[in-house]
$ cat my_file.cif   # mmCIF, C-alpha atoms
data_data
#
loop_
_atom_site.label_atom_id
_atom_site.label_comp_id
_atom_site.auth_asym_id
_atom_site.auth_seq_id
_atom_site.Cartn_x
_atom_site.Cartn_y
_atom_site.Cartn_z
CA MET A 1 50.24 48.82 19.12
CA ILE A 2 46.85 50.06 20.35
CA LYS A 3 48.67 52.33 22.80
CA GLU A 4 50.89 53.58 19.94
CA LYS A 5 47.88 54.53 17.84
CA ILE A 6 45.99 56.21 20.71
CA GLU A 7 49.05 58.33 21.47
CA GLN A 8 49.42 59.12 17.79
CA ALA A 9 45.73 60.09 17.59
CA SER A 10 46.15 62.62 20.43
CA GLY A 11 48.93 64.31 18.47
CA ILE A 12 46.78 64.44 15.34
CA LEU A 13 43.92 66.01 17.32
CA LYS A 14 46.28 68.81 18.35
CA GLU A 15 47.30 69.32 14.71
CA GLU A 16 43.67 69.50 13.63
CA GLY A 17 42.66 71.81 16.46
CA ILE A 18 40.07 69.33 17.74
CA ASP A 19 39.66 68.65 21.46
CA LEU A 20 38.14 65.16 21.48
CA TRP A 21 37.61 62.21 19.16
CA LEU A 22 34.48 60.19 19.96
CA THR A 23 33.90 56.81 18.30
CA PHE A 24 30.33 55.68 19.03
CA VAL A 25 29.44 52.05 18.26
CA ARG A 26 27.30 49.05 19.19
CA GLU A 27 27.36 45.31 18.34
CA SER A 28 30.67 45.94 16.60
CA GLU A 29 31.29 42.29 15.74
CA VAL A 30 28.23 42.49 13.47
CA THR A 31 28.18 46.10 12.28
CA GLY A 32 31.86 46.96 12.78
CA ASP A 33 33.45 50.39 12.71
CA PRO A 34 36.57 50.63 10.51
CA SER A 35 38.45 52.56 13.22
CA LEU A 36 38.09 50.02 16.02
CA ASP A 37 40.81 47.76 14.65
CA LEU A 38 43.26 50.65 15.09
CA ILE A 39 42.22 52.05 18.46
CA LEU A 40 40.73 49.05 20.26
CA GLY A 41 41.46 45.67 18.71
CA ALA A 42 38.36 44.14 20.31
CA ASN A 43 34.57 44.16 19.97
CA CYS A 44 31.82 45.56 22.18
CA THR A 45 28.12 44.80 22.48
CA TRP A 46 25.98 47.60 23.96
CA HIS A 47 26.17 51.26 23.00
CA SER A 48 29.84 52.12 23.59
CA ALA A 49 31.84 55.33 23.41
CA PHE A 50 35.59 55.54 22.94
CA MET A 51 36.95 58.99 23.74
CA ILE A 52 40.47 60.04 22.83
CA PRO A 53 41.28 63.60 23.96
CA ALA A 54 43.98 65.90 22.64
CA ASP A 55 45.17 66.06 26.25
CA GLY A 56 44.57 63.44 28.91
CA LYS A 57 43.91 59.71 29.11
CA ALA A 58 41.55 57.97 26.71
CA VAL A 59 38.23 56.80 28.18
CA ALA A 60 36.00 53.90 27.13
CA ILE A 61 32.35 53.78 28.26
CA VAL A 62 31.00 50.27 27.68
CA GLY A 63 28.35 47.88 28.91
CA SER A 64 29.21 46.21 32.20
CA LEU A 65 29.67 42.79 30.59
CA ASP A 66 32.34 44.22 28.26
CA GLU A 67 34.36 45.99 30.95
CA THR A 68 36.98 43.31 31.54
CA ARG A 69 37.68 42.65 27.87
CA ILE A 70 38.04 46.35 27.03
CA ARG A 71 40.21 46.98 30.07
CA GLU A 72 42.56 44.20 28.90
CA THR A 73 43.34 46.17 25.73
CA GLY A 74 45.35 48.45 27.98
CA GLY A 75 44.60 51.70 26.22
CA TYR A 76 41.66 53.13 28.17
CA GLU A 77 40.28 54.15 31.49
CA VAL A 78 37.15 51.97 31.40
CA ILE A 79 33.76 53.02 32.76
CA GLY A 80 30.99 50.44 32.79
CA TYR A 81 27.25 50.99 32.82
CA THR A 82 24.15 48.81 33.16
CA LYS A 83 20.96 50.69 32.30
CA SER A 84 21.98 53.51 29.95
CA ILE A 85 25.12 55.05 28.51
CA LYS A 86 23.63 58.54 28.62
CA GLU A 87 24.66 59.56 32.14
CA PRO A 88 28.34 58.47 31.97
CA LEU A 89 28.61 59.78 28.40
CA VAL A 90 27.43 63.28 29.32
CA GLU A 91 29.44 63.19 32.55
CA GLN A 92 32.70 62.44 30.71
CA LEU A 93 32.01 65.01 28.01
CA THR A 94 31.39 67.57 30.72
CA ARG A 95 34.70 66.61 32.35
CA PHE A 96 36.63 66.98 29.08
CA ALA A 97 34.61 70.12 28.11
CA PRO A 98 35.53 69.86 24.39
CA ARG A 99 34.80 72.80 22.13
CA SER A 100 34.88 70.42 19.15
CA ILE A 101 34.12 66.69 19.01
CA ALA A 102 35.18 64.59 16.02
CA VAL A 103 32.68 61.77 15.46
CA ASN A 104 32.89 58.71 13.22
CA PHE A 105 30.99 59.93 10.15
CA SER A 106 32.26 61.05 6.75
CA GLU A 107 30.97 61.80 3.26
CA ASN A 108 34.38 61.40 1.63
CA THR A 109 35.91 58.20 2.99
CA CYS A 110 34.25 54.94 4.03
CA LEU A 111 37.06 54.27 6.50
CA ALA A 112 35.78 57.14 8.67
CA ASP A 113 32.07 56.48 8.21
CA GLY A 114 31.22 53.83 10.78
CA LEU A 115 28.39 55.74 12.48
CA SER A 116 25.07 54.41 11.18
CA HIS A 117 22.08 56.71 10.89
CA GLY A 118 20.38 54.91 13.78
CA LEU A 119 23.44 55.35 16.00
CA TYR A 120 23.59 59.02 15.04
CA LEU A 121 19.99 59.47 16.12
CA SER A 122 20.73 57.72 19.43
CA LEU A 123 23.78 59.89 20.03
CA MET A 124 21.84 63.08 19.32
CA ARG A 125 19.11 61.94 21.71
CA TYR A 126 21.70 61.38 24.46
CA LEU A 127 23.23 64.81 23.83
CA GLU A 128 19.92 66.66 23.64
CA GLY A 129 19.88 69.60 26.02
CA THR A 130 23.70 69.69 26.31
CA PRO A 131 26.06 72.10 24.53
CA PHE A 132 27.84 69.14 22.92
CA ALA A 133 25.18 68.36 20.32
CA SER A 134 26.24 71.38 18.26
CA ARG A 135 29.96 70.66 18.51
CA LEU A 136 30.14 67.52 16.36
CA VAL A 137 32.40 67.42 13.30
CA SER A 138 33.60 64.62 11.03
CA SER A 139 36.59 62.59 12.20
CA GLU A 140 37.70 61.87 8.62
CA ASN A 141 40.89 63.95 8.78
CA ILE A 142 41.91 62.34 12.06
CA ILE A 143 41.22 58.82 10.82
CA SER A 144 42.89 59.42 7.45
CA LYS A 145 46.07 60.60 9.14
CA LEU A 146 45.95 57.88 11.79
CA ARG A 147 45.52 55.11 9.23
CA GLY A 148 48.12 56.64 6.94
CA ARG A 149 50.94 57.37 9.37
CA LYS A 150 52.22 53.90 10.07
CA SER A 151 53.92 53.26 13.40
CA PRO A 152 57.13 51.18 13.50
CA GLU A 153 55.12 48.15 14.59
CA GLU A 154 52.70 48.58 11.69
CA ILE A 155 55.59 48.83 9.23
CA ARG A 156 57.06 45.64 10.65
CA ARG A 157 53.79 43.78 10.15
CA ILE A 158 53.31 45.02 6.58
CA HIS A 159 56.90 44.06 5.76
CA ALA A 160 56.32 40.58 7.18
CA ALA A 161 53.22 40.22 4.96
CA VAL A 162 55.24 41.38 1.95
CA GLU A 163 58.04 38.91 2.60
CA LEU A 164 55.62 36.00 2.95
CA ALA A 165 53.84 36.89 -0.29
CA GLU A 166 57.21 37.08 -2.04
CA GLU A 167 58.07 33.59 -0.75
CA ILE A 168 54.87 32.28 -2.31
CA PHE A 169 55.57 34.08 -5.60
CA ALA A 170 58.99 32.38 -5.66
CA ALA A 171 57.36 29.00 -5.05
CA VAL A 172 54.81 29.43 -7.83
CA SER A 173 57.58 30.37 -10.27
CA LEU A 174 58.94 26.84 -9.85
CA ILE A 175 55.73 25.11 -10.96
CA ILE A 176 54.11 27.52 -13.38
CA LYS A 177 54.11 26.36 -17.04
CA PRO A 178 52.06 26.31 -20.23
CA GLY A 179 49.08 23.96 -20.06
CA LEU A 180 48.04 24.97 -16.56
CA THR A 181 44.90 27.04 -16.16
CA GLU A 182 44.51 30.25 -14.19
CA LYS A 183 42.54 28.23 -11.64
CA ASP A 184 45.39 25.70 -11.37
CA VAL A 185 47.84 28.46 -10.49
CA ALA A 186 45.43 30.04 -8.00
CA SER A 187 44.79 26.67 -6.34
CA TYR A 188 48.52 26.11 -5.85
CA ILE A 189 48.93 29.58 -4.30
CA LEU A 190 46.01 29.05 -1.93
CA LYS A 191 47.50 25.72 -0.78
CA GLU A 192 50.72 27.59 0.01
CA VAL A 193 48.71 30.20 1.95
CA ASP A 194 46.97 27.48 3.97
CA ARG A 195 50.23 25.60 4.56
CA ARG A 196 51.68 28.71 6.17
CA GLY A 197 48.61 29.23 8.34
CA VAL A 198 47.76 32.74 7.14
CA GLU A 199 44.90 34.40 5.27
CA THR A 200 44.72 36.04 1.89
CA ALA A 201 44.79 39.84 1.86
CA TRP A 202 41.29 40.02 0.40
CA GLU A 203 38.55 37.49 -0.42
CA ARG A 204 39.91 34.12 -1.58
CA GLU A 205 37.71 34.07 -4.67
CA LEU A 206 39.73 36.98 -6.05
CA CYS A 207 43.04 36.55 -4.21
CA PRO A 208 45.06 35.60 -6.07
CA SER A 209 43.88 37.13 -9.29
CA VAL A 210 45.57 35.28 -12.16
CA PHE A 211 45.21 36.51 -15.73
CA THR A 212 47.03 35.20 -18.77
CA GLY A 213 47.34 36.23 -22.39
CA PRO A 214 45.38 38.72 -24.47
CA GLU A 215 41.69 39.32 -23.74
CA SER A 216 41.92 37.89 -20.23
CA ALA A 217 39.36 38.76 -17.56
CA GLY A 218 41.80 41.15 -15.87
CA ALA A 219 42.96 42.02 -12.38
CA HIS A 220 39.69 42.46 -10.48
CA ALA A 221 38.20 39.17 -11.68
CA GLY A 222 38.63 35.70 -10.31
CA PRO A 223 40.83 33.09 -12.03
CA THR A 224 39.19 31.22 -14.90
CA ASP A 225 39.68 28.00 -16.86
CA ARG A 226 41.74 29.94 -19.40
CA VAL A 227 44.85 27.91 -20.30
CA ILE A 228 48.34 29.38 -20.16
CA GLU A 229 49.93 29.19 -23.62
CA LYS A 230 53.37 29.84 -25.03
CA GLY A 231 53.56 33.49 -26.06
CA HIS A 232 51.37 34.63 -23.16
CA VAL A 233 52.19 37.31 -20.66
CA LEU A 234 50.76 36.28 -17.28
CA ASN A 235 50.17 38.44 -14.23
CA ILE A 236 49.33 37.51 -10.63
CA ASP A 237 47.84 39.99 -8.15
CA PHE A 238 48.17 38.60 -4.63
CA GLY A 239 48.82 39.35 -0.98
CA VAL A 240 48.54 37.81 2.48
CA LYS A 241 47.51 39.01 5.92
CA VAL A 242 50.02 38.72 8.77
CA GLU A 243 49.17 39.87 12.31
CA GLY A 244 46.25 41.89 10.97
CA TYR A 245 48.21 43.70 8.21
CA VAL A 246 48.35 42.88 4.50
CA SER A 247 50.53 42.94 1.42
CA ASP A 248 49.34 43.62 -2.14
CA LEU A 249 51.79 42.75 -4.92
CA GLN A 250 51.75 41.92 -8.63
CA ARG A 251 54.30 40.06 -10.72
CA THR A 252 54.63 39.35 -14.46
CA TRP A 253 55.83 36.27 -16.38
CA TYR A 254 56.39 35.57 -20.09
CA PHE A 255 56.09 32.06 -21.57
CA ARG A 256 58.58 31.64 -24.39
CA LYS A 257 57.60 30.16 -27.71
CA ALA A 258 59.72 27.43 -29.28
CA GLY A 259 63.10 28.83 -30.28
CA GLU A 260 62.78 32.01 -28.21
CA LYS A 261 65.65 32.74 -25.85
CA LYS A 262 64.07 35.93 -24.52
CA ALA A 263 60.81 37.81 -24.67
CA PRO A 264 59.85 39.67 -27.86
CA ALA A 265 61.00 43.28 -28.05
CA GLU A 266 57.49 44.74 -27.58
CA VAL A 267 56.95 42.67 -24.44
CA LEU A 268 60.32 43.59 -23.01
CA LYS A 269 59.86 47.30 -23.79
CA ALA A 270 56.49 47.38 -22.03
CA PHE A 271 57.85 45.56 -18.98
CA GLU A 272 60.87 47.86 -18.70
CA THR A 273 58.67 50.94 -19.08
CA ILE A 274 56.50 49.81 -16.18
CA ARG A 275 59.54 48.92 -14.08
CA ASP A 276 61.21 52.26 -14.69
CA SER A 277 58.04 54.30 -14.09
CA ILE A 278 57.71 52.63 -10.67
CA ALA A 279 61.35 53.38 -9.86
CA LEU A 280 60.82 57.03 -10.86
CA ALA A 281 57.73 57.39 -8.65
CA ALA A 282 59.51 55.80 -5.69
CA GLU A 283 62.50 58.10 -6.14
CA LYS A 284 60.46 61.30 -6.41
CA ILE A 285 57.69 60.76 -3.85
CA ARG A 286 58.00 63.12 -0.89
CA PRO A 287 55.94 64.24 2.11
CA GLY A 288 53.98 67.37 1.19
CA MET A 289 53.48 66.44 -2.47
CA GLU A 290 49.93 65.98 -3.71
CA GLY A 291 49.09 62.42 -4.65
CA GLY A 292 48.16 63.56 -8.14
CA ALA A 293 51.67 64.86 -8.75
CA VAL A 294 53.23 61.43 -8.16
CA ASP A 295 50.65 59.81 -10.42
CA THR A 296 51.49 62.35 -13.13
CA LEU A 297 55.20 61.49 -12.98
CA ALA A 298 54.62 57.80 -13.71
CA ARG A 299 51.72 58.39 -16.10
CA THR A 300 53.70 60.88 -18.20
CA TYR A 301 56.74 58.60 -18.27
CA ILE A 302 54.56 55.87 -19.78
CA THR A 303 52.64 58.02 -22.29
CA ASP A 304 55.86 59.72 -23.45
CA ARG A 305 56.97 56.28 -24.63
CA GLY A 306 53.94 55.91 -26.86
CA TYR A 307 51.59 53.97 -24.60
CA LYS A 308 48.02 54.79 -23.61
CA GLU A 309 47.55 55.94 -20.04
CA PHE A 310 46.50 53.26 -17.57
CA PRO A 311 42.81 53.43 -16.53
CA HIS A 312 43.24 53.68 -12.75
CA ALA A 313 45.26 55.32 -9.97
CA LEU A 314 49.00 54.74 -9.74
CA GLY A 315 48.72 53.55 -6.16
CA HIS A 316 46.72 53.25 -2.97
CA GLN A 317 47.63 53.00 0.69
CA VAL A 318 48.12 49.61 2.34
CA GLY A 319 47.65 48.70 5.98
CA ARG A 320 45.02 46.60 7.68
CA HIS A 321 43.32 46.40 4.28
CA ALA A 322 44.68 46.23 0.77
CA HIS A 323 43.00 49.58 0.12
CA ASP A 324 43.63 51.53 3.28
CA GLY A 325 43.61 55.22 4.18
CA ALA A 326 42.23 58.19 2.30
CA GLY A 327 45.34 59.33 0.41
CA LEU A 328 45.66 58.11 -3.17
CA LEU A 329 48.19 58.54 -5.98
CA CYS A 330 45.63 59.30 -8.66
CA PRO A 331 44.82 61.59 -11.61
CA GLU A 332 42.37 64.49 -11.52
CA TRP A 333 39.37 62.49 -12.69
CA GLU A 334 35.85 63.17 -11.41
CA ARG A 335 35.61 59.70 -9.89
CA TYR A 336 38.46 60.53 -7.48
CA GLY A 337 36.96 63.75 -6.10
CA ASN A 338 39.46 65.63 -3.93
CA LEU A 339 41.81 62.66 -3.51
CA PRO A 340 44.43 63.84 -6.07
CA HIS A 341 44.98 66.95 -3.91
CA LEU A 342 45.51 65.23 -0.55
CA LYS A 343 49.06 65.70 0.68
CA ILE A 344 51.40 62.75 1.05
CA GLU A 345 52.73 62.24 4.56
CA GLU A 346 55.83 60.61 5.99
CA GLY A 347 55.12 57.09 7.17
CA GLN A 348 52.37 56.40 4.65
CA VAL A 349 52.63 53.12 2.75
CA TYR A 350 51.60 53.05 -0.92
CA THR A 351 51.44 50.59 -3.78
CA LEU A 352 52.87 51.62 -7.16
CA GLU A 353 51.03 49.69 -9.89
CA PRO A 354 50.83 51.10 -13.43
CA ARG A 355 50.06 48.78 -16.34
CA ILE A 356 50.44 48.52 -20.10
CA VAL A 357 48.33 46.33 -22.37
CA ILE A 358 50.54 44.51 -24.90
CA PRO A 359 48.36 43.62 -27.92
CA GLY A 360 48.50 39.91 -28.69
CA TYR A 361 50.35 39.04 -25.46
CA GLY A 362 48.60 40.28 -22.32
CA VAL A 363 49.32 42.87 -19.65
CA ALA A 364 52.64 44.10 -18.32
CA THR A 365 52.21 45.24 -14.74
CA MET A 366 53.91 45.09 -11.40
CA GLU A 367 52.79 46.25 -7.99
CA GLU A 368 55.41 47.27 -5.48
CA ILE A 369 55.02 48.70 -1.96
CA VAL A 370 56.90 51.71 -0.62
CA VAL A 371 56.92 53.58 2.68
CA VAL A 372 57.33 57.36 2.39
CA HIS A 373 60.34 59.01 4.01
CA SER A 374 61.58 62.59 3.87
CA ASP A 375 64.04 61.67 1.11
CA GLY A 376 61.78 59.43 -1.01
CA GLY A 377 60.10 56.06 -1.02
CA GLU A 378 61.71 52.99 0.56
CA PHE A 379 60.68 49.72 -1.03
CA LEU A 380 59.18 47.24 1.44
CA SER A 381 58.96 44.75 -1.43
CA GLN A 382 61.85 43.42 -3.51
CA PRO A 383 61.08 45.11 -6.84
CA GLN A 384 60.82 42.87 -9.88
CA ARG A 385 63.76 44.03 -12.00
CA GLU A 386 63.59 41.43 -14.76
CA LEU A 387 60.70 39.82 -16.61
CA TYR A 388 60.23 36.25 -15.34
CA LEU A 389 60.79 33.84 -18.27
CA VAL A 390 59.32 30.34 -18.42
#
$ encode --input "my_file.cif" --output "C-alpha cells"
Amino acid sequence: MIKEKIEQASGILKEEGIDLWLTFVRESEVTGDPSLDLILGANCTWHSAFMIPADGKAVAIVGSLDETRIRETGGYEVIGYTKSIKEPLVEQLTRFAPRSIAVNFSENTCLADGLSHGLYLSLMRYLEGTPFASRLVSSENIISKLRGRKSPEEIRRIHAAVELAEEIFAAVSLIIKPGLTEKDVASYILKEVDRRGVETAWERELCPSVFTGPESAGAHAGPTDRVIEKGHVLNIDFGVKVEGYVSDLQRTWYFRKAGEKKAPAEVLKAFETIRDSIALAAEKIRPGMEGGAVDTLARTYITDRGYKEFPHALGHQVGRHAHDGAGLLCPEWERYGNLPHLKIEEGQVYTLEPRIVIPGYGVATMEEIVVVHSDGGEFLSQPQRELYLV
C-alpha cells in the first residue's frame, strides 16, 4: 500500500504543478508526522527527508542506523548518512532541481502540519545559500488529496473495520436492556473488541460513546452511570481499527414502555427523517460538488420537516483516523473556514451523521459511511433502515 500511495502522490504533484514533495522529520515515534503513516509506515530517528518527485523514484535520506528498516518499506531509494543530513539533502535537491517544493506545514489542516518550528529552522539552515530555500510551499493540497483519494487496498481495510463494528453492534443488541447503565453497555462492547484482538477507532474512554434518554451527556462524552429506562432512545457511537484503518458508526435503539408494540410517533418520525436525509445525501453526492452543498441537502430536508438544524457538520472523512482528510460536508459557519467550499473527489470516504433531539426521549441519529463514485455514494456500512426496538 505504501507503493500505491507514493505513486498516487506523484500524480497529485503533477495536478498541482509542484515538482517535489519533501517531508522532513526526526524522532517520528515521539513527535510523529501525520503523513508518515501513508507514505512510509515506519519510524525514523535522526533528521530524515522523504522526497517524492512528480517524475522519478522517491528518495529517503535517513540516519545510517535507520537505513535497513526504511529500505524494507520498499518505496524508496535509501541514502544513509552519519554526521549530517545537509550534504545528501542538498545533493538530492540539486539532482531533482525542483522549481517548487511542497513541505509538511499548513495553517489550514493539522494533517499536513507535521513540521515543527524547530525542524523548520533546521531545514532553512541546511538550505541557506541554495536556491531551494525560497521555493518552499505548503503540502496541504497534496496531503489532503492523498489522504482523501482512497486506494482499493484502503477501501478494503475500511470496509473490514466497518463489518467488524457492525458485528459488535449486532452482539450488543442481544444483551442491551433497561436497567443497564451506559458504562455497562460500553464495558460489554470493549470486551468484544478485546476478544477480537483489535483496537477501538479512537481513545477507549470515549469509544464507544453511549448516551441514553433525554438530557444525556451526548456523543463526545464518555459513558456514565446513567441507567437505561423504558421510554429512552439510546445511541451508540463506535468504531474499530483494522490493519491501520478505522470505522465510525452510530446506531439508535428505543426501549418500549409497557404495552407499547412500537415506538411513539414522534420518535419514529425523527428516526425516519434522519434515515431518509442520509439516503438523500448518499444518492446526491458527486465528485466536483462542494462539501457544503451536500450538507445543505440533508440539513434542508430535516428543517423542512419542522426540526431544528443539527449543530455540526453532516459528515467527515474516514481513513487512518476517524476524522481524516481535509474535505468536510459542512455548513458555511465561521468555525469551518474554507472547508464548505472544498470539492468532493471520487474515492473519498465520508460519514453521514445528522441528528435530531427528541424532547423527553433522547437523540435520533445514525452514522453511515459512504465512498464517493461518479454516480453517487456507495454505502460501506449496512444502513440502519429500522429503529431497533427492545
$ resolve_selection --input "my_file.cif" --expression "the PyMOL selection byres ((chain A and resi 197) around 12)" --output "list in words"
Leu164, Leu190, Lys191, Glu192, Val193, Asp194, Arg195, Arg196, Val198, Glu199, Thr200, Val240, Lys241, Val242 and Glu243 of chain A
$ closest_residue --input "my_file.cif" --among "A:Leu65, A:Leu174, A:Ala364, A:Ile2" --to "Thr212 (chain A)" --atoms "only C-alpha atoms"
A:Ala364
$ residues_near_point --input "my_file.cif" --point "(28.8, 51.5, 20.7)" --cutoff "7 Å" --atoms "all atoms listed in the file" --output "number ranges by chain"
A: 24-27, 44-49
$ atom_distance --input "my_file.cif" --atom1 "CA of Asp225 (chain A)" --atom2 "CA of Arg256 (chain A)"
20.7 Å
$ residues_around --input "my_file.cif" --residues "Ile274 (chain A)" --least-positions-apart "5" --cutoff "9 Å" --atoms "all atoms listed in the file" --output "PyMOL selection string"
chain A and resi 269+279+298+302+353-356+364-366
$ write_last_selection --input "my_file.cif" --atoms "C-alpha atoms" --output "JSON list (two decimals), in the frame of the given file"
[["chain", "number", "residue", "atom", "x", "y", "z"],
["A", 269, "LYS", "CA", 59.86, 47.30, -23.79],
["A", 279, "ALA", "CA", 61.35, 53.38, -9.86],
["A", 298, "ALA", "CA", 54.62, 57.80, -13.71],
["A", 302, "ILE", "CA", 54.56, 55.87, -19.78],
["A", 353, "GLU", "CA", 51.03, 49.69, -9.89],
["A", 354, "PRO", "CA", 50.83, 51.10, -13.43],
["A", 355, "ARG", "CA", 50.06, 48.78, -16.34],
["A", 356, "ILE", "CA", 50.44, 48.52, -20.10],
["A", 364, "ALA", "CA", 52.64, 44.10, -18.32],
["A", 365, "THR", "CA", 52.21, 45.24, -14.74],
["A", 366, "MET", "CA", 53.91, 45.09, -11.40]]
$ residues_around --input "my_file.cif" --residues "His323 (chain A)" --least-positions-apart "6" --cutoff "10 Å" --atoms "all atoms listed in the file" --output "MDAnalysis selection string"
chainID A and resid 111 202 246 248 315:317 350:351
$ residues_around --input "my_file.cif" --residues "Pro287 (chain A)" --least-positions-apart "2" --cutoff "12 Å" --atoms "only C-alpha atoms" --output "count of residues only"
25
$ residues_around --input "my_file.cif" --residues "region 66-70 of chain A" --least-positions-apart "3" --cutoff "7 Å" --atoms "all atoms listed in the file" --output "list in words"
Cys44, Val62, Gly63, Thr73, Val78 and Gly80 of chain A
